[in-house]
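> File name protein_26.txt; file contents compact mmCIF, C-alpha atoms; full text below.
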```
# COMPACT_ATOMS: atom_id res chain seq x y z
CA MET Z 729 0.16 1.38 14.13
CA LYS Z 730 3.53 2.77 15.09
CA ALA Z 731 6.00 4.95 13.21
CA ILE Z 732 9.67 5.16 14.09
CA ILE Z 733 11.48 8.37 13.20
CA PRO Z 734 15.24 8.65 13.53
CA PHE Z 735 16.17 12.26 14.23
CA LYS Z 736 19.42 14.13 14.59
CA LYS Z 737 19.49 17.71 15.74
CA GLU Z 738 23.12 18.47 16.50
CA GLY Z 739 25.08 19.07 13.35
CA ALA Z 740 21.92 18.44 11.33
CA LYS Z 741 21.80 19.13 7.61
CA SER Z 742 25.46 19.96 7.22
CA ARG Z 743 25.13 20.13 3.44
CA LEU Z 744 23.07 23.28 3.87
CA ARG Z 745 25.87 25.11 5.61
CA ASP Z 746 26.56 27.50 2.74
CA LEU Z 747 23.14 29.06 3.18
CA PHE Z 748 22.34 28.59 6.87
CA SER Z 749 23.96 28.98 10.26
CA GLU Z 750 24.14 25.92 12.51
CA ARG Z 751 21.29 27.21 14.60
CA GLU Z 752 19.13 27.74 11.52
CA ARG Z 753 19.88 24.25 10.26
CA GLU Z 754 18.84 22.79 13.59
CA GLU Z 755 15.65 24.84 13.58
CA LEU Z 756 14.87 23.73 10.03
CA ALA Z 757 15.49 20.08 10.97
CA LEU Z 758 13.13 20.40 13.93
CA ARG Z 759 10.46 22.07 11.82
CA MET Z 760 10.69 19.33 9.21
CA LEU Z 761 10.25 16.74 11.95
CA ARG Z 762 7.18 18.60 13.15
CA ASP Z 763 5.79 18.63 9.61
CA VAL Z 764 6.29 14.87 9.41
CA LEU Z 765 4.57 14.43 12.78
CA ALA Z 766 1.67 16.63 11.67
CA THR Z 767 1.29 14.45 8.57
CA LEU Z 768 1.38 11.25 10.64
CA SER Z 769 -1.22 12.65 13.02
CA LYS Z 770 -3.61 13.00 10.06
CA SER Z 771 -2.92 9.43 8.92
CA GLU Z 772 -3.71 5.99 10.30
CA ILE Z 773 -0.52 6.04 12.36
CA GLU Z 774 -1.34 6.19 16.08
CA GLU Z 775 2.06 6.39 17.70
CA ALA Z 776 5.39 7.94 16.79
CA GLU Z 777 8.63 6.96 18.45
CA ILE Z 778 11.45 9.40 17.85
CA ILE Z 779 14.91 7.90 18.12
CA SER Z 780 17.42 10.60 18.79
CA THR Z 781 20.73 11.40 20.39
CA CYS Z 782 19.27 14.37 22.20
CA SER Z 783 16.47 13.71 24.57
CA GLU Z 784 14.34 15.82 26.85
CA GLU Z 785 15.19 19.00 25.05
CA ILE Z 786 13.63 17.85 21.77
CA MET Z 787 10.68 16.34 23.51
CA GLY Z 788 9.99 19.64 25.22
CA GLU Z 789 10.23 21.61 22.01
CA LEU Z 790 8.05 19.15 20.15
CA LYS Z 791 5.38 18.84 22.79
CA SER Z 792 5.06 22.61 23.10
CA GLY Z 793 4.10 22.81 19.45
CA PHE Z 794 2.08 19.64 19.39
CA ASN Z 795 -0.49 19.88 22.13
CA GLN Z 796 -3.25 20.62 19.69
CA LYS Z 797 -2.83 17.24 18.01
CA PRO Z 798 -3.43 14.67 20.74
CA LYS Z 799 -4.28 11.96 18.22
CA LEU Z 800 -0.66 10.91 17.84
CA LYS Z 801 1.07 9.43 20.86
CA LEU Z 802 4.67 10.65 21.00
CA THR Z 803 7.51 8.77 22.67
CA LEU Z 804 11.23 9.35 22.65
CA ARG Z 805 14.08 6.88 22.72
CA GLU Z 806 17.48 8.32 23.48
CA ASP Z 807 20.22 6.47 21.67
CA SER Z 808 23.54 7.68 20.34
CA ARG Z 809 24.44 4.68 18.18
CA GLY Z 810 24.46 4.60 14.39
CA LEU Z 811 21.21 4.44 12.44
CA ASN Z 812 21.40 0.78 11.39
CA GLU Z 813 22.59 -0.45 14.74
CA VAL Z 814 19.86 1.18 16.78
CA LEU Z 815 17.06 0.47 14.30
CA ASN Z 816 17.94 -3.18 13.96
CA GLU Z 817 17.93 -3.62 17.69
CA VAL Z 818 14.55 -1.95 17.95
CA LEU Z 819 13.11 -4.03 15.09
CA LYS Z 820 14.22 -7.27 16.71
CA GLU Z 821 11.84 -6.60 19.60
CA GLU Z 822 8.90 -5.33 17.56
CA LYS Z 823 5.90 -7.64 17.40
CA GLU Z 824 3.60 -5.31 15.44
CA PRO Z 825 3.94 -3.72 11.96
CA VAL Z 826 6.13 -0.66 11.92
CA LEU Z 827 6.71 2.28 9.58
CA ILE Z 828 10.22 3.72 9.64
CA ILE Z 829 10.06 7.23 8.23
CA MET Z 830 12.76 9.85 7.83
CA ALA Z 831 12.47 13.20 9.60
CA ASP Z 832 13.54 15.27 6.57
CA ILE Z 833 10.61 14.66 4.21
CA PRO Z 834 8.30 17.53 5.13
CA LEU Z 835 6.22 17.16 1.94
CA ALA Z 836 4.95 13.70 2.91
CA THR Z 837 1.15 13.52 2.75
CA PRO Z 838 -1.30 11.57 4.95
CA GLU Z 839 -2.70 9.96 1.76
CA SER Z 840 0.70 8.56 0.92
CA ILE Z 841 1.26 7.26 4.46
CA ASN Z 842 -2.12 5.53 4.41
CA GLU Z 843 -1.35 3.98 1.02
CA ILE Z 844 1.96 2.64 2.32
CA VAL Z 845 0.48 0.93 5.34
CA GLY Z 846 -2.41 -0.27 3.18
CA HIS Z 847 -0.23 -2.33 0.82
CA GLU Z 848 -0.57 -6.07 1.31
CA GLU Z 849 3.10 -6.88 0.93
CA ASP Z 850 5.42 -7.76 3.84
CA VAL Z 851 7.76 -4.90 2.97
CA VAL Z 852 6.92 -1.52 1.40
CA ILE Z 853 9.79 0.68 0.28
CA ALA Z 854 9.29 4.37 -0.56
CA PRO Z 855 12.46 5.37 -2.41
CA GLY Z 856 14.23 8.64 -1.85
CA ARG Z 857 16.19 10.32 -4.57
CA LYS Z 858 19.52 8.73 -5.45
CA GLY Z 859 18.73 5.36 -3.99
CA GLY Z 860 17.66 6.31 -0.49
CA THR Z 861 14.80 4.75 1.48
CA ASN Z 862 12.60 7.50 2.86
CA ALA Z 863 9.88 5.32 4.29
CA LEU Z 864 9.95 1.61 4.99
CA PHE Z 865 6.93 -0.35 6.14
CA LEU Z 866 7.63 -3.70 7.76
CA ARG Z 867 4.72 -5.99 8.48
CA ARG Z 868 6.93 -8.28 10.58
CA PRO Z 869 9.80 -6.08 11.73
CA SER Z 870 11.70 -8.84 13.50
CA ASP Z 871 12.06 -10.71 10.18
CA PHE Z 872 13.91 -7.79 8.58
CA VAL Z 873 17.27 -6.06 8.88
CA VAL Z 874 17.69 -2.49 7.65
CA SER Z 875 20.76 -1.08 5.95
CA TYR Z 876 20.58 2.66 5.44
CA TYR Z 877 23.96 3.30 3.86
CA GLY Z 878 24.84 3.06 0.18
CA ILE Z 879 21.89 2.56 -2.18
CA SER Z 880 19.61 1.49 0.63
CA CYS Z 881 16.57 1.20 -1.59
CA LEU Z 882 18.20 -1.64 -3.56
CA GLU Z 883 19.65 -3.14 -0.39
CA HIS Z 884 16.19 -3.33 1.14
CA ILE Z 885 14.81 -4.99 -2.00
CA GLU Z 886 17.62 -7.56 -1.84
CA THR Z 887 16.98 -8.20 1.85
CA ALA Z 888 13.28 -8.79 1.19
CA LYS Z 889 14.12 -11.25 -1.61
CA ARG Z 890 16.74 -13.08 0.43
CA ARG Z 891 14.30 -13.51 3.31
CA ASN Z 892 11.41 -14.59 1.09
CA LEU Z 893 9.34 -11.56 1.99
CA SER Z 894 6.96 -10.03 -0.55
CA TYR Z 895 7.75 -6.39 -1.28
CA VAL Z 896 6.59 -3.42 -3.31
CA LEU Z 897 8.01 0.00 -4.16
CA HIS Z 898 5.71 2.82 -3.13
CA ASP Z 899 5.84 5.46 -5.85
CA SER Z 900 5.57 8.91 -4.24
CA PHE Z 901 7.26 12.12 -5.31
CA PHE Z 902 6.47 13.90 -2.05
CA LEU Z 903 7.98 11.08 0.00
CA SER Z 904 11.03 10.97 -2.25
CA ALA Z 905 11.87 14.61 -1.64
CA ASP Z 906 14.25 14.56 1.31
CA ILE Z 907 15.77 17.93 2.05
CA ASP Z 908 19.54 17.52 2.16
CA GLU Z 909 21.09 19.96 -0.25
CA ILE Z 910 20.43 23.55 -1.20
CA ASP Z 911 18.80 22.49 -4.46
CA ASP Z 912 16.32 20.36 -2.51
CA LEU Z 913 14.95 23.47 -0.82
CA ALA Z 914 13.32 24.34 -4.14
CA GLU Z 915 10.84 21.50 -3.62
CA LEU Z 916 10.01 22.78 -0.15
CA LEU Z 917 9.51 26.34 -1.42
CA ILE Z 918 7.35 25.18 -4.33
CA HIS Z 919 5.18 22.55 -2.63
CA GLY Z 920 5.54 23.10 1.12
CA ARG Z 921 2.61 24.39 3.19
CA GLY Z 922 3.89 23.48 6.65
CA LEU Z 923 6.18 24.83 9.37
CA SER Z 924 9.44 24.21 7.53
CA ALA Z 925 8.36 26.03 4.36
CA GLU Z 926 7.10 28.87 6.55
CA TYR Z 927 10.52 29.01 8.22
CA LEU Z 928 12.29 29.35 4.87
CA HIS Z 929 10.06 32.29 3.99
CA GLN Z 930 10.71 33.81 7.43
CA ILE Z 931 14.48 33.77 7.09
CA GLY Z 932 14.41 35.03 3.54
CA VAL Z 933 15.08 31.96 1.42
CA PHE Z 934 13.41 32.29 -1.96
CA LEU Z 935 13.14 30.85 -5.44
CA ARG Z 936 14.82 32.51 -8.35
CA VAL Z 937 13.26 31.69 -11.71
CA ASP Z 938 14.09 33.02 -15.11
CA LYS Z 939 10.68 32.88 -16.68
CA ASN Z 940 12.01 33.15 -20.19
CA SER Z 941 14.19 30.11 -19.97
CA LYS Z 942 13.37 26.47 -19.49
CA MET Z 943 15.92 26.39 -16.65
CA GLN Z 944 14.48 25.14 -13.42
CA ALA Z 945 14.09 27.04 -10.19
CA LYS Z 946 17.16 27.99 -8.16
CA VAL Z 947 17.27 28.71 -4.44
CA ASP Z 948 18.72 31.94 -3.10
CA ARG Z 949 18.89 34.01 0.04
CA MET G 167 -7.26 7.99 -25.07
CA LYS G 168 -4.47 9.97 -26.64
CA ALA G 169 -1.06 11.00 -25.33
CA ILE G 170 0.92 13.89 -26.77
CA ILE G 171 4.69 13.71 -26.42
CA PRO G 172 6.87 16.69 -27.32
CA PHE G 173 10.27 15.43 -28.46
CA LYS G 174 13.49 17.11 -29.45
CA LYS G 175 16.35 15.12 -30.89
CA GLU G 176 18.78 17.68 -32.26
CA GLY G 177 20.80 19.26 -29.49
CA ALA G 178 18.90 17.13 -26.97
CA LYS G 179 19.97 16.94 -23.34
CA SER G 180 22.65 19.59 -23.58
CA ARG G 181 23.19 19.53 -19.82
CA LEU G 182 24.67 16.06 -20.19
CA ARG G 183 27.43 17.27 -22.47
CA ASP G 184 30.21 16.77 -19.94
CA LEU G 185 29.66 13.03 -20.00
CA PHE G 186 28.28 12.31 -23.48
CA SER G 187 28.95 13.19 -27.10
CA GLU G 188 26.15 14.83 -29.08
CA ARG G 189 25.41 11.55 -30.84
CA GLU G 190 25.17 9.72 -27.51
CA ARG G 191 22.84 12.34 -26.09
CA GLU G 192 20.57 12.00 -29.10
CA GLU G 193 20.58 8.22 -28.78
CA LEU G 194 19.79 8.46 -25.07
CA ALA G 195 16.92 10.89 -25.79
CA LEU G 196 15.50 8.51 -28.38
CA ARG G 197 15.79 5.54 -26.04
CA MET G 198 14.04 7.44 -23.26
CA LEU G 199 11.23 8.26 -25.68
CA ARG G 200 10.97 4.58 -26.57
CA ASP G 201 10.80 3.69 -22.87
CA VAL G 202 7.94 6.16 -22.44
CA LEU G 203 6.16 4.68 -25.47
CA ALA G 204 6.63 1.15 -24.12
CA THR G 205 5.06 2.28 -20.82
CA LEU G 206 2.15 3.93 -22.62
CA SER G 207 1.57 0.79 -24.69
CA LYS G 208 1.05 -1.14 -21.45
CA SER G 209 -1.40 1.47 -20.13
CA GLU G 210 -4.89 2.57 -21.10
CA ILE G 211 -3.48 5.03 -23.62
CA GLU G 212 -4.34 3.97 -27.16
CA GLU G 213 -2.62 6.57 -29.29
CA ALA G 214 0.57 8.58 -29.02
CA GLU G 215 1.22 11.69 -31.05
CA ILE G 216 4.84 12.76 -31.07
CA ILE G 217 5.38 16.44 -31.74
CA SER G 218 8.87 17.01 -33.00
CA THR G 219 11.05 19.22 -35.14
CA CYS G 220 12.49 16.23 -36.95
CA SER G 221 10.08 14.05 -38.81
CA GLU G 222 10.36 10.95 -40.92
CA GLU G 223 13.75 10.09 -39.54
CA ILE G 224 12.48 9.67 -35.98
CA MET G 225 9.38 7.89 -37.10
CA GLY G 226 11.51 5.36 -38.97
CA GLU G 227 13.78 4.78 -36.01
CA LEU G 228 10.85 4.44 -33.65
CA LYS G 229 8.78 2.15 -35.81
CA SER G 230 11.71 -0.19 -36.37
CA GLY G 231 11.91 -0.80 -32.64
CA PHE G 232 8.20 -0.76 -32.05
CA ASN G 233 6.64 -3.26 -34.40
CA GLN G 234 6.13 -5.78 -31.65
CA LYS G 235 3.80 -3.45 -29.79
CA PRO G 236 0.93 -2.74 -32.14
CA LYS G 237 -1.39 -1.80 -29.30
CA LEU G 238 -0.30 1.82 -29.37
CA LYS G 239 -1.07 3.83 -32.50
CA LEU G 240 1.83 6.16 -33.29
CA THR G 241 1.50 9.41 -35.18
CA LEU G 242 3.96 12.21 -35.77
CA ARG G 243 3.40 15.92 -36.07
CA GLU G 244 6.28 17.93 -37.44
CA ASP G 245 6.47 21.36 -35.91
CA SER G 246 9.42 23.59 -35.20
CA ARG G 247 7.71 26.13 -32.96
CA GLY G 248 8.22 26.51 -29.22
CA LEU G 249 6.67 24.04 -26.80
CA ASN G 250 3.88 26.28 -25.49
CA GLU G 251 2.97 27.65 -28.87
CA VAL G 252 2.57 24.33 -30.62
CA LEU G 253 0.88 22.58 -27.67
CA ASN G 254 -1.67 25.33 -27.17
CA GLU G 255 -2.59 25.25 -30.83
CA VAL G 256 -3.03 21.49 -30.71
CA LEU G 257 -5.11 21.66 -27.49
CA LYS G 258 -7.47 24.23 -29.00
CA GLU G 259 -8.62 21.65 -31.54
CA GLU G 260 -8.79 18.64 -29.21
CA LYS G 261 -12.28 17.43 -28.40
CA GLU G 262 -11.25 14.40 -26.32
CA PRO G 263 -9.21 14.09 -23.07
CA VAL G 264 -5.47 14.27 -23.62
CA LEU G 265 -2.37 13.34 -21.64
CA ILE G 266 0.67 15.49 -22.34
CA ILE G 267 3.73 13.56 -21.23
CA MET G 268 7.41 14.42 -21.44
CA ALA G 269 9.79 12.21 -23.42
CA ASP G 270 12.53 12.22 -20.77
CA ILE G 271 10.82 10.32 -17.96
CA PRO G 272 11.87 6.74 -18.75
CA LEU G 273 10.94 5.47 -15.27
CA ALA G 274 7.23 6.21 -15.75
CA THR G 275 5.09 3.16 -15.00
CA PRO G 276 1.84 1.97 -16.63
CA GLU G 277 0.23 1.93 -13.15
CA SER G 278 0.99 5.61 -12.72
CA ILE G 279 -0.32 6.50 -16.19
CA ASN G 280 -3.56 4.63 -15.49
CA GLU G 281 -3.94 6.38 -12.15
CA ILE G 282 -3.50 9.77 -13.81
CA VAL G 283 -6.16 9.21 -16.43
CA GLY G 284 -8.37 7.63 -13.75
CA HIS G 285 -8.59 10.74 -11.58
CA GLU G 286 -11.96 12.45 -11.71
CA GLU G 287 -10.65 15.99 -11.83
CA ASP G 288 -10.59 18.16 -14.97
CA VAL G 289 -6.84 18.66 -14.70
CA VAL G 290 -4.23 16.24 -13.30
CA ILE G 291 -0.69 17.54 -12.81
CA ALA G 292 2.24 15.19 -12.21
CA PRO G 293 5.03 17.44 -10.95
CA GLY G 294 8.61 17.09 -12.03
CA ARG G 295 11.47 18.04 -9.79
CA LYS G 296 12.02 21.77 -9.28
CA GLY G 297 8.58 22.82 -10.34
CA GLY G 298 8.28 21.11 -13.70
CA THR G 299 5.17 19.41 -15.07
CA ASN G 300 6.10 15.97 -16.34
CA ALA G 301 2.62 14.76 -17.16
CA LEU G 302 -0.55 16.79 -17.55
CA PHE G 303 -3.94 15.23 -18.08
CA LEU G 304 -6.62 17.50 -19.50
CA ARG G 305 -10.17 16.26 -19.60
CA ARG G 306 -11.24 19.18 -21.79
CA PRO G 307 -8.06 20.28 -23.53
CA SER G 308 -9.63 23.23 -25.33
CA ASP G 309 -10.50 24.81 -21.96
CA PHE G 310 -6.84 24.90 -20.90
CA VAL G 311 -3.68 26.75 -21.85
CA VAL G 312 -0.27 25.27 -21.00
CA SER G 313 2.78 27.20 -19.89
CA TYR G 314 5.90 25.06 -19.67
CA TYR G 315 8.45 27.65 -18.68
CA GLY G 316 9.27 28.82 -15.16
CA ILE G 317 7.64 26.83 -12.36
CA SER G 318 5.12 25.27 -14.69
CA CYS G 319 3.59 23.07 -12.03
CA LEU G 320 2.39 26.13 -10.10
CA GLU G 321 1.42 27.91 -13.32
CA HIS G 322 -0.80 24.99 -14.28
CA ILE G 323 -2.44 24.99 -10.85
CA GLU G 324 -3.13 28.72 -11.21
CA THR G 325 -4.55 28.24 -14.70
CA ALA G 326 -6.90 25.53 -13.45
CA LYS G 327 -8.09 27.78 -10.60
CA ARG G 328 -8.55 30.79 -12.86
CA ARG G 329 -10.61 28.76 -15.29
CA ASN G 330 -12.71 27.11 -12.57
CA LEU G 331 -11.43 23.66 -13.41
CA SER G 332 -11.01 21.05 -10.69
CA TYR G 333 -7.45 19.80 -10.39
CA VAL G 334 -5.27 17.39 -8.46
CA LEU G 335 -1.54 16.79 -8.12
CA HIS G 336 -0.55 13.25 -9.02
CA ASP G 337 2.12 12.14 -6.58
CA SER G 338 4.62 9.91 -8.40
CA PHE G 339 8.36 9.67 -7.86
CA PHE G 340 8.94 7.77 -11.10
CA LEU G 341 7.08 10.39 -13.11
CA SER G 342 8.93 13.19 -11.33
CA ALA G 343 12.34 11.87 -12.37
CA ASP G 344 13.11 13.64 -15.62
CA ILE G 345 16.62 13.02 -16.86
CA ASP G 346 18.25 16.38 -17.51
CA GLU G 347 21.47 16.53 -15.56
CA ILE G 348 24.27 14.11 -14.82
CA ASP G 349 23.01 13.58 -11.27
CA ASP G 350 19.62 12.53 -12.66
CA LEU G 351 21.24 9.56 -14.38
CA ALA G 352 21.61 7.99 -10.93
CA GLU G 353 17.84 7.42 -10.84
CA LEU G 354 17.96 5.75 -14.23
CA LEU G 355 20.85 3.50 -13.21
CA ILE G 356 19.17 2.56 -9.93
CA HIS G 357 15.58 2.05 -11.05
CA GLY G 358 15.67 1.75 -14.85
CA ARG G 359 14.86 -1.57 -16.55
CA GLY G 360 14.27 -0.30 -20.09
CA LEU G 361 16.22 0.67 -23.21
CA SER G 362 17.69 3.88 -21.83
CA ALA G 363 19.12 2.24 -18.70
CA GLU G 364 20.50 -0.53 -20.91
CA TYR G 365 22.18 2.10 -23.07
CA LEU G 366 23.89 3.68 -20.05
CA HIS G 367 25.30 0.28 -19.10
CA GLN G 368 26.40 -0.28 -22.71
CA ILE G 369 28.41 2.92 -22.93
CA GLY G 370 29.96 2.46 -19.52
CA VAL G 371 28.07 4.88 -17.30
CA PHE G 372 27.96 3.56 -13.75
CA LEU G 373 27.14 4.41 -10.15
CA ARG G 374 29.86 5.12 -7.67
CA VAL G 375 28.85 4.55 -4.07
CA ASP G 376 30.93 4.76 -0.95
CA LYS G 377 29.23 2.11 1.12
CA ASN G 378 30.69 3.33 4.35
CA SER G 379 29.29 6.80 4.07
CA LYS G 380 25.74 8.06 4.01
CA MET G 381 26.58 9.99 0.85
CA GLN G 382 24.29 9.23 -2.01
CA ALA G 383 25.17 7.63 -5.32
CA LYS G 384 27.29 9.54 -7.84
CA VAL G 385 27.39 8.94 -11.58
CA ASP G 386 30.66 8.28 -13.40
CA ARG G 387 31.99 7.02 -16.68
```
Translate the structure of the given file into structure tokens.

Amino acid sequence: MKAIIPFKKEGAKSRLRDLFSEREREELALRMLRDVLATLSKSEIEEAEIISTCSEEIMGELKSGFNQKPKLKLTLREDSRGLNEVLNEVLKEEKEPVLIIMADIPLATPESINEIVGHEEDVVIAPGRKGGTNALFLRRPSDFVVSYYGISCLEHIETAKRRNLSYVLHDSFFLSADIDEIDDLAELLIHGRGLSAEYLHQIGVFLRVDKNSKMQAKVDR
Amino acid sequence: MKAIIPFKKEGAKSRLRDLFSEREREELALRMLRDVLATLSKSEIEEAEIISTCSEEIMGELKSGFNQKPKLKLTLREDSRGLNEVLNEVLKEEKEPVLIIMADIPLATPESINEIVGHEEDVVIAPGRKGGTNALFLRRPSDFVVSYYGISCLEHIETAKRRNLSYVLHDSFFLSADIDEIDDLAELLIHGRGLSAEYLHQIGVFLRVDKNSKMQAKVDR
């Protein structure tokens, strides 16, 4: 089974700019992608197609860190169009089930991926926080049209209903935790065991917790 | 099986004070508790013990809205001590497995509750965002000591290890979504189908989404 991963490196993760330089944000984005790929390689997914504006450069960087995991076949599609436009064109041609998964959910687990592709429904939606769709499994991709702006999770439910496709929400905290804002880094520092969490430690990003209060963890550098 | 639900009504949800009056925050807290109870009543849980500083008043309000669901036995323990102190005293006396569940996770599903109590491990931890513990299943409660301040999720993992208890993290987005801050209300408005979401609609809390941007939903009133 194939996964499709949209990925943006240039100008990635702009909402982290108060804490990171541009170069650091790009490195973090790449590391998160590699964490997602590592997770996929331990799951039932056999092939990952990365759709990205930047091409050979990424592929080189990824392959250099990925040789030890030959189980997952990696391909790259260079495309500079918007997310919906490019994905919907790709889906139109897809004959086999497809998992669209975001590149910024480094806490995703192989168990969760296997559960998603194991659901019997036509459409499986793993919600992100605030209405996002962090993973979307489509049994018949050419019957579906994605819409990743606004509250995409509800949009995807509506699309499934309108097209008479059965659907289910996949309830996963680790899939829901996309890393967009500084506060989100807390999840990565608390639960992360991969390359992106390691990178945060390396560059001195840490959790600040007042043990005497019920206040939650804050991220600092 | 029994669930224990710590609940605070007075001064509840103080981080929502920019959007709600004190009375509204108390009503929201009570409605969220009732959503959690409704979920438990559809799960394998047979009894819910609410531990609260306020007593008969809550019980009256709850029972009035709960008569139609006799499946769940409700009891109340009045206690004004801190969360850890009172819970650890209660656990010491418990001979049967117990699920400690927070009152502010109105999106919790019966499926997720049943999965938690179905795990084989001694300790099951459902993480909240930013290191919280939103549900904690203890097969042998008297062997465990809870610690709900700081990054409690990691504390509970450490406690399990130290006491040679097997443990597992239960990966649920809907359990992770505790409603503490204004931003959290977005989850309730997007996914909520119960009394607390209904209340938000009633008092005019709504989502604001710019459909043309990738920015996530904001909450307004």
> For the contact check between chain G and chain Z, emit one row per residue of chain G within 9 Å, containing the shortest atom pair and the distance in Å rounded to one decimal, counting all atoms listed in the file, chain then rising number order, as a tab-separated table.

```
residue	atom	partner	partner_atom	distance
G:Ser278	CA	Z:Asp899	CA	8.4
G:Pro293	CA	Z:Phe901	CA	8.1
G:Gly294	CA	Z:Phe901	CA	8.5
G:Arg295	CA	Z:Glu915	CA	7.1
G:Lys296	CA	Z:Ala945	CA	5.7
G:Gly297	CA	Z:Ile918	CA	6.6
G:Gly298	CA	Z:Gln944	CA	7.4
G:Tyr314	CA	Z:Lys942	CA	7.6
G:Tyr315	CA	Z:Lys942	CA	5.1
G:Gly316	CA	Z:Lys939	CA	4.6
G:Ile317	CA	Z:Ala945	CA	6.8
G:Cys319	CA	Z:Ile918	CA	8.8
G:Leu320	CA	Z:Ile918	CA	7.7
G:His336	CA	Z:Phe901	CA	8.7
G:Asp337	CA	Z:Ser900	CA	5.3
G:Ser338	CA	Z:Ser900	CA	4.4
G:Phe339	CA	Z:Phe901	CA	3.7
G:Phe340	CA	Z:Asp899	CA	6.5
G:Leu341	CA	Z:Phe901	CA	8.0
G:Ser342	CA	Z:Phe901	CA	6.3
G:Ala343	CA	Z:Phe901	CA	8.7
G:Asp349	CA	Z:Lys858	CA	8.3
G:Asp350	CA	Z:Lys858	CA	8.2
G:Ala352	CA	Z:Lys858	CA	5.9
G:Glu353	CA	Z:Lys858	CA	5.8
G:Ile356	CA	Z:Gly859	CA	6.6
G:His357	CA	Z:Gly859	CA	8.4
G:Val375	CA	Z:Gly878	CA	6.0
G:Asp376	CA	Z:Gly878	CA	6.4
G:Lys377	CA	Z:Gly878	CA	4.6
G:Asn378	CA	Z:Tyr877	CA	6.7
G:Ser379	CA	Z:Tyr877	CA	6.4
G:Lys380	CA	Z:Tyr877	CA	5.1
G:Met381	CA	Z:Gly878	CA	7.2
G:Gln382	CA	Z:Lys858	CA	5.9
G:Ala383	CA	Z:Lys858	CA	5.8
G:Lys384	CA	Z:Lys858	CA	8.2
```
> Select, from Z:Asp832, Z:Glu843, Z:Asp746, Z:Glu817, the residue with the minimum atom-to-atom distance to Z:Leu897, counting all atoms listed in the file.
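Smallest distance to Z:Leu897 is found for Z:Glu843.
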> Within 9 Å of stretch 212-225 of chain G, counting only C-alpha atoms, which residues show up once you throw out same-chain ones fewer than 3 positions away? Write them as a PyMOL selection string, please.
chain G and resi 167-176+196+203+206-207+209+228-230+237-247+252-253
> Using only C-alpha atoms, pick whichever of Z:Gly739, Z:Gly922, Z:Pro825, Z:Gly788 has the shortest atom-to-atom distance to Z:Phe872.
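Of Z:Gly739, Z:Gly922, Z:Pro825, Z:Gly788, the one nearest Z:Phe872 is Z:Pro825, counting only C-alpha atoms.
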> With distances taken over only C-alpha atoms, which residue among G:Leu257, G:Val312, G:Ala301, G:Ile323 lies nearest G:Ala269?
G:Ala301
> Between atom CA of G:Val289 and atom CA of G:Ile345, what distance in Å does the model show, to one decimal?
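Between atom CA of G:Val289 and atom CA of G:Ile345 the gap is 24.2 Å.
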> Grab the atom CA of G:Leu182 to atom CA of G:Asp346 distance for me, in Å with one decimal place.
7.0 Å
> Have a look at atom CA of Z:Lys889 and atom CA of Z:Val873 and let me know their distance in Å, one decimal.
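Interatomic distance here is 12.1 Å.
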> For a quick check of understanding, using only C-alpha atoms, which of Z:Leu761, Z:Ile910, Z:Ile844, Z:Asn816 has the smallest distance to Z:Arg745?
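With only C-alpha atoms as the atom set, the closest residue is Z:Ile910.
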> Kindly indicate which residue among G:Ile271, G:Ile369, G:Leu185, G:Ala326 lies nearest to G:Thr205, using all atoms listed in the file for the distances.
G:Ile271
